[in-house]
$ cat model-v3.txt   # compact mmCIF, C-alpha atoms
# COMPACT_ATOMS: atom_id res chain seq x y z
CA MET F 1 11.34 -5.92 -15.23
CA SER F 2 12.48 -9.39 -14.33
CA THR F 3 10.23 -12.42 -14.03
CA GLY F 4 10.44 -12.18 -10.24
CA ASP F 5 9.26 -8.57 -10.35
CA ALA F 6 6.27 -9.48 -12.53
CA ARG F 7 5.09 -11.93 -9.90
CA ALA F 8 5.64 -9.61 -6.94
CA SER F 9 2.56 -9.16 -4.82
CA ALA F 10 0.75 -5.85 -4.68
CA GLY F 11 2.01 -5.40 -1.13
CA ASN F 12 5.61 -5.99 -2.14
CA ARG F 13 5.28 -3.44 -4.97
CA LEU F 14 3.78 -0.88 -2.57
CA ARG F 15 6.55 -1.39 -0.03
CA ALA F 16 9.28 -1.23 -2.67
CA ALA F 17 7.85 1.98 -4.15
CA ARG F 18 7.57 3.59 -0.72
CA GLN F 19 11.11 2.63 0.20
CA ALA F 20 12.45 3.79 -3.18
CA ARG F 21 10.98 7.22 -2.43
CA GLY F 22 12.60 7.22 1.00
CA LEU F 23 9.18 7.55 2.60
CA ALA F 24 8.65 6.10 6.07
CA LEU F 25 5.49 4.07 6.61
CA GLU F 26 4.40 6.49 9.34
CA SER F 27 4.88 9.49 7.02
CA ALA F 28 2.83 7.88 4.26
CA ALA F 29 0.11 7.01 6.77
CA ALA F 30 0.04 10.59 8.06
CA GLU F 31 -0.23 11.98 4.54
CA LEU F 32 -3.15 9.66 3.80
CA ARG F 33 -4.67 10.19 7.26
CA LEU F 34 -4.60 6.47 7.96
CA ASP F 35 -3.25 4.41 10.81
CA PRO F 36 0.20 2.96 9.99
CA ALA F 37 -1.24 -0.50 10.75
CA GLN F 38 -3.60 -0.08 7.79
CA LEU F 39 -0.75 0.58 5.38
CA ARG F 40 1.23 -2.26 6.91
CA ALA F 41 -1.74 -4.56 6.24
CA LEU F 42 -1.72 -3.48 2.58
CA GLU F 43 2.03 -3.98 2.29
CA GLU F 44 1.73 -7.43 3.86
CA ASP F 45 -1.15 -8.44 1.57
CA ARG F 46 -3.70 -8.59 4.38
CA PRO F 47 -6.51 -6.38 3.02
CA ALA F 48 -9.19 -8.31 4.94
CA GLU F 49 -7.96 -6.53 8.09
CA LEU F 50 -9.18 -3.23 6.63
CA GLY F 51 -12.85 -4.13 6.84
CA ALA F 52 -15.21 -4.28 3.90
CA PRO F 53 -13.59 -4.80 0.49
CA VAL F 54 -14.73 -1.35 -0.62
CA TYR F 55 -12.55 0.22 2.09
CA ALA F 56 -9.55 -1.94 1.23
CA ARG F 57 -9.83 -0.98 -2.46
CA GLY F 58 -10.15 2.70 -1.58
CA HIS F 59 -7.09 2.63 0.66
CA LEU F 60 -5.16 0.71 -1.97
CA ARG F 61 -6.03 3.23 -4.70
CA ARG F 62 -5.07 6.20 -2.54
CA TYR F 63 -1.80 4.60 -1.43
CA ALA F 64 -0.89 3.66 -5.00
CA ALA F 65 -1.62 7.22 -6.15
CA LEU F 66 0.58 8.64 -3.39
CA LEU F 67 3.41 6.41 -4.57
CA GLY F 68 2.86 7.11 -8.27
CA LEU F 69 1.74 3.56 -9.03
CA PRO F 70 -1.22 2.51 -11.17
CA ALA F 71 -4.26 1.69 -9.04
CA GLU F 72 -4.86 -1.66 -10.73
$ encode --input "model-v3.txt" --output "structure tokens"
Amino acid sequence: MSTGDARASAGNRLRAARQARGLALESAAAELRLDPAQLRALEEDRPAELGAPVYARGHLRRYAALLGLPAE
């Protein structure tokens, strides 16, 4: 992992993992039963748009699990 990768935002890591799996945003959203706009907000590091922090953390954990990433 390069220095640039270590500093990548959570959203950038989510997007890169999704794209590496060849998974469309809409497909991931359907699998998680979320609106694609919610996953887009996570990938663009805008978790405040998801409501209360507890919801944002829950969506983040589920999305990370789908992509095989650690939740933290």
$ residues_around --input "model-v3.txt" --residues "segment 21-35 of chain F" --least-positions-apart "5" --cutoff "12 Å" --atoms "only C-alpha atoms" --output "list in words"
Leu14, Arg15, Ala16, Arg40, Ala41, Leu42, Glu43, Leu50, Tyr55, Ala56, Gly58, His59, Leu60, Arg61, Arg62, Tyr63, Ala64, Ala65, Leu66, Leu67, Gly68 and Leu69 of chain F
$ atom_distance --input "model-v3.txt" --atom1 "atom CA of Gly51 of chain F" --atom2 "atom CA of Ala20 of chain F"
28.3 Å
$ atom_distance --input "model-v3.txt" --atom1 "atom CA of Glu44 of chain F" --atom2 "atom CA of Asn12 of chain F"
7.3 Å
$ axis_aligned_box --input "model-v3.txt" --around "segment 36-42 of chain F" --padding-each-side "4 Å" --output "AutoDock Vina command-line options"
--center_x -1.2 --center_y -0.8 --center_z 6.7 --size_x 12.8 --size_y 15.5 --size_z 16.2
$ atom_distance --input "model-v3.txt" --atom1 "atom CA of Ala17 of chain F" --atom2 "atom CA of Glu72 of chain F"
14.8 Å
$ closest_residue --input "model-v3.txt" --among "F:Gln19, F:Gln38, F:Ala10, F:Pro47" --to "Pro70 of chain F" --atoms "all atoms listed in the file"
F:Ala10
